[in-house]
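J.: This is the structure, below, for whatever I ask next.
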Amino acid sequence: MFTDNKPWLTPGAALQMQWEVKWFEYVKKSMRPNFFPALNNDKESPQQIFTDKHKDLVQKGGEWLSSTATSCSVVSTLIATVAFATSTTLPGGNKEITGMPVLELKPAFHLFAISSLVALCSSITSTIMFLAILTSRNQEKDFAKNLPGKLLAGLTTLFVSILAVLVSFCAAHFFVLQKELRMYALPIYVVTCLPVTLFAIAQLPLYVDLIWVTFNKVPQPPLEDNT
């Protein structure tokens, strides 16, 4: 049964549904095998009762996941486009004879090459994870590990791609600055990364809750049982 008192600290319909599924499986494993298939007076099985009482929560959780995945997939697609264009445009150009990068011996160029590759791969991975959420059937069993795991992987790779594309921009921009201006580059780059830091801090509570609910295998007792 699902009530509105929300005895567990799991904000959001999707995380609440994940917690409900965990408790359902926990109770199912704690009962005798010949007891769980039994029907009540209304000829309903425990699975049918669980499905009927949680259909609204499943719908709300699916809508929240879809809206979150849609917003994040737009950002990850834009980052993938920028990262692809960045990785194919080398700062300084290529040598005419050998075709090798002119700045291949510079440490900043190595940082640019690695960060642009990381940004491209992580943004594509993030886009795939969010598209997998959007094409999911949003069934009850999917809320146990499938959908939250994809959301966690998508958010993680999205944060990595945003950080990597900023690093590649700073590394490529470092060659543009004159020698007398390079001493001011570090403060400018720190200010550039500040919006990403604020965004990560704003999303940190959701990220922590998602990790806690996803990897907590043994459900905790309700809050009123602890008092």
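Every chain in the structure tokens has a letter given in the order shown (A, B, ...), and although residue numbers restart at 1 in each chain, ligands are simply numbered from 1 in the order shown.
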Counting only C-alpha atoms, what is within 12 Å of Pro37 (chain A), bar same-chain residues fewer than 5 positions away, as a list of chain:residue names?
T.: A:Lys28, A:Met31, A:Arg32, A:Lys43, A:Glu44, A:Ser45, A:Pro46, A:Gln47, A:Gln48
J.: What are the nearest atom pairs, with distances in Å to one decimal, for all residues of region 105-223 of chain A that come at most 7 Å from region 76-90 of chain A, using only C-alpha atoms, set out by chain and rising residue number as a Markdown table?
T.:
| residue | atom | partner | partner_atom | distance |
| --- | --- | --- | --- | --- |
| A:Ala113 | CA | A:Ser87 | CA | 6.9 |
| A:Ser116 | CA | A:Ser87 | CA | 5.6 |
| A:Leu117 | CA | A:Ser87 | CA | 6.8 |
| A:Ala119 | CA | A:Ala83 | CA | 6.0 |
| A:Leu120 | CA | A:Ala83 | CA | 5.1 |
| A:Ser123 | CA | A:Ser76 | CA | 5.1 |
| A:Ile124 | CA | A:Ala80 | CA | 6.1 |
| A:Ser126 | CA | A:Ser76 | CA | 6.3 |
| A:Thr127 | CA | A:Ser76 | CA | 5.7 |
| A:Leu158 | CA | A:Ser76 | CA | 6.3 |
| A:Val165 | CA | A:Ala83 | CA | 6.5 |
J.: Suppose we keep N, CA, C and O atoms; can you now write the selection as a CSV table (one decimal), in the first residue's frame?
T.:
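Below is the file out_20.csv, written as the result:
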chain,number,residue,atom,x,y,z
A,113,ALA,N,43.9,18.2,-26.3
A,113,ALA,CA,43.6,17.0,-27.1
A,113,ALA,C,42.8,16.0,-26.2
A,113,ALA,O,41.8,15.4,-26.6
A,116,SER,N,39.3,17.5,-25.0
A,116,SER,CA,38.3,17.5,-26.0
A,116,SER,C,37.8,16.1,-26.4
A,116,SER,O,36.6,16.0,-26.6
A,117,LEU,N,38.6,15.1,-26.3
A,117,LEU,CA,38.2,13.8,-26.5
A,117,LEU,C,37.3,13.3,-25.4
A,117,LEU,O,36.3,12.6,-25.6
A,119,ALA,N,35.4,15.2,-23.5
A,119,ALA,CA,34.2,15.9,-23.6
A,119,ALA,C,33.3,15.3,-24.7
A,119,ALA,O,32.1,15.2,-24.5
A,120,LEU,N,33.9,14.9,-25.8
A,120,LEU,CA,33.1,14.3,-26.9
A,120,LEU,C,32.5,12.9,-26.4
A,120,LEU,O,31.3,12.7,-26.6
A,123,SER,N,29.9,13.3,-23.5
A,123,SER,CA,28.6,14.0,-23.9
A,123,SER,C,27.8,13.0,-24.7
A,123,SER,O,26.6,13.0,-24.6
A,124,ILE,N,28.4,12.2,-25.6
A,124,ILE,CA,27.7,11.2,-26.4
A,124,ILE,C,27.1,10.2,-25.5
A,124,ILE,O,26.0,9.8,-25.6
A,126,SER,N,26.3,10.6,-22.3
A,126,SER,CA,25.2,11.2,-21.6
A,126,SER,C,24.0,11.3,-22.5
A,126,SER,O,22.8,11.0,-22.0
A,127,THR,N,24.1,11.6,-23.7
A,127,THR,CA,23.0,11.7,-24.6
A,127,THR,C,22.3,10.4,-24.8
A,127,THR,O,21.1,10.2,-24.8
A,158,LEU,N,27.4,13.9,-17.9
A,158,LEU,CA,27.1,15.3,-18.3
A,158,LEU,C,28.0,16.3,-17.6
A,158,LEU,O,28.5,17.2,-18.2
A,165,VAL,N,34.8,20.2,-21.6
A,165,VAL,CA,34.8,21.2,-22.7
A,165,VAL,C,35.3,22.5,-22.2
A,165,VAL,O,35.9,23.3,-23.0
J.: Per DSSP on the backbone, what are the helix (DSSP H, G or I) residues of region 35-217 of chain A, as JSON, numbers by chain?
T.: {"A": [46, 47, 48, 49, 50, 51, 52, 53, 55, 56, 57, 58, 59, 60, 61, 62, 63, 64, 65, 66, 67, 68, 69, 70, 71, 72, 73, 74, 75, 76, 77, 78, 79, 80, 81, 82, 83, 84, 85, 86, 87, 88, 107, 108, 109, 110, 111, 112, 113, 114, 115, 116, 117, 118, 119, 120, 121, 122, 123, 124, 125, 126, 127, 128, 129, 130, 131, 132, 133, 134, 140, 141, 142, 143, 146, 147, 148, 149, 150, 151, 152, 153, 154, 155, 156, 157, 158, 159, 160, 161, 162, 163, 164, 165, 166, 167, 168, 169, 170, 171, 172, 173, 174, 179, 180, 181, 182, 183, 184, 185, 186, 187, 188, 189, 190, 191, 192, 193, 194, 195, 196, 197, 198, 199, 200, 201, 202, 203, 204, 205, 206, 207, 208, 209, 210, 211, 212, 213, 214, 215]}
J.: With distances taken over only C-alpha atoms, which residue among A:Met17, A:Val191, A:Leu152, A:Val213 lies nearest Leu57 (chain A)?
T.: A:Met17
J.: Go ahead and compute the interatomic distance for CA of Lys150 (chain A) and CA of Val208 (chain A), in Å to one decimal.
T.: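 Atom-to-atom, CA of Lys150 (chain A) to CA of Val208 (chain A), that is 15.0 Å.
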J.: Write out as an MDAnalysis selection string the residues lying within 8 Å of Thr214 (chain A), counting only C-alpha atoms and excluding same-chain residues fewer than 3 positions away.
T.: chainID A and resid 18 144:145 148:149 210:211 217
J.: When distances are computed from only C-alpha atoms, which of A:Tyr26, A:Asn41, A:Ile162, A:Gly62 shows the smallest separation from Asp142 (chain A)?
T.: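 Under the stated criterion, the closest residue is A:Gly62.
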J.: What gap, in Å, lies between CA of Gly154 (chain A) and CA of Tyr207 (chain A)?
T.: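 So the two atoms, CA of Gly154 (chain A) and CA of Tyr207 (chain A), lie 11.1 Å apart.
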J.: Separation of CA of Leu155 (chain A) and CA of Ala200 (chain A), in Å?
T.: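 Pair CA of Leu155 (chain A) / CA of Ala200 (chain A) returns 10.1 Å.
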J.: Which polymer residues have any atom within 12 Å of an atom of Val58 (chain A), counting only C-alpha atoms, with same-chain residues fewer than 6 positions away left out, as an NGL selection string?
T.: :A and (2 or 12-21 or 50-52 or 64-65 or 137-144 or 147)
J.: Nearest to Ile128 (chain A): which of A:Ala108, A:Ala171, A:Leu39, A:Ala69 is it, counting only C-alpha atoms?
T.: A:Ala69
J.: For Leu131 (chain A), which residue among A:Met183, A:Ala164, A:Cys72, A:Cys170 is the nearest when counting only C-alpha atoms?
T.: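 So, comparing all the options, the nearest one is A:Cys72.
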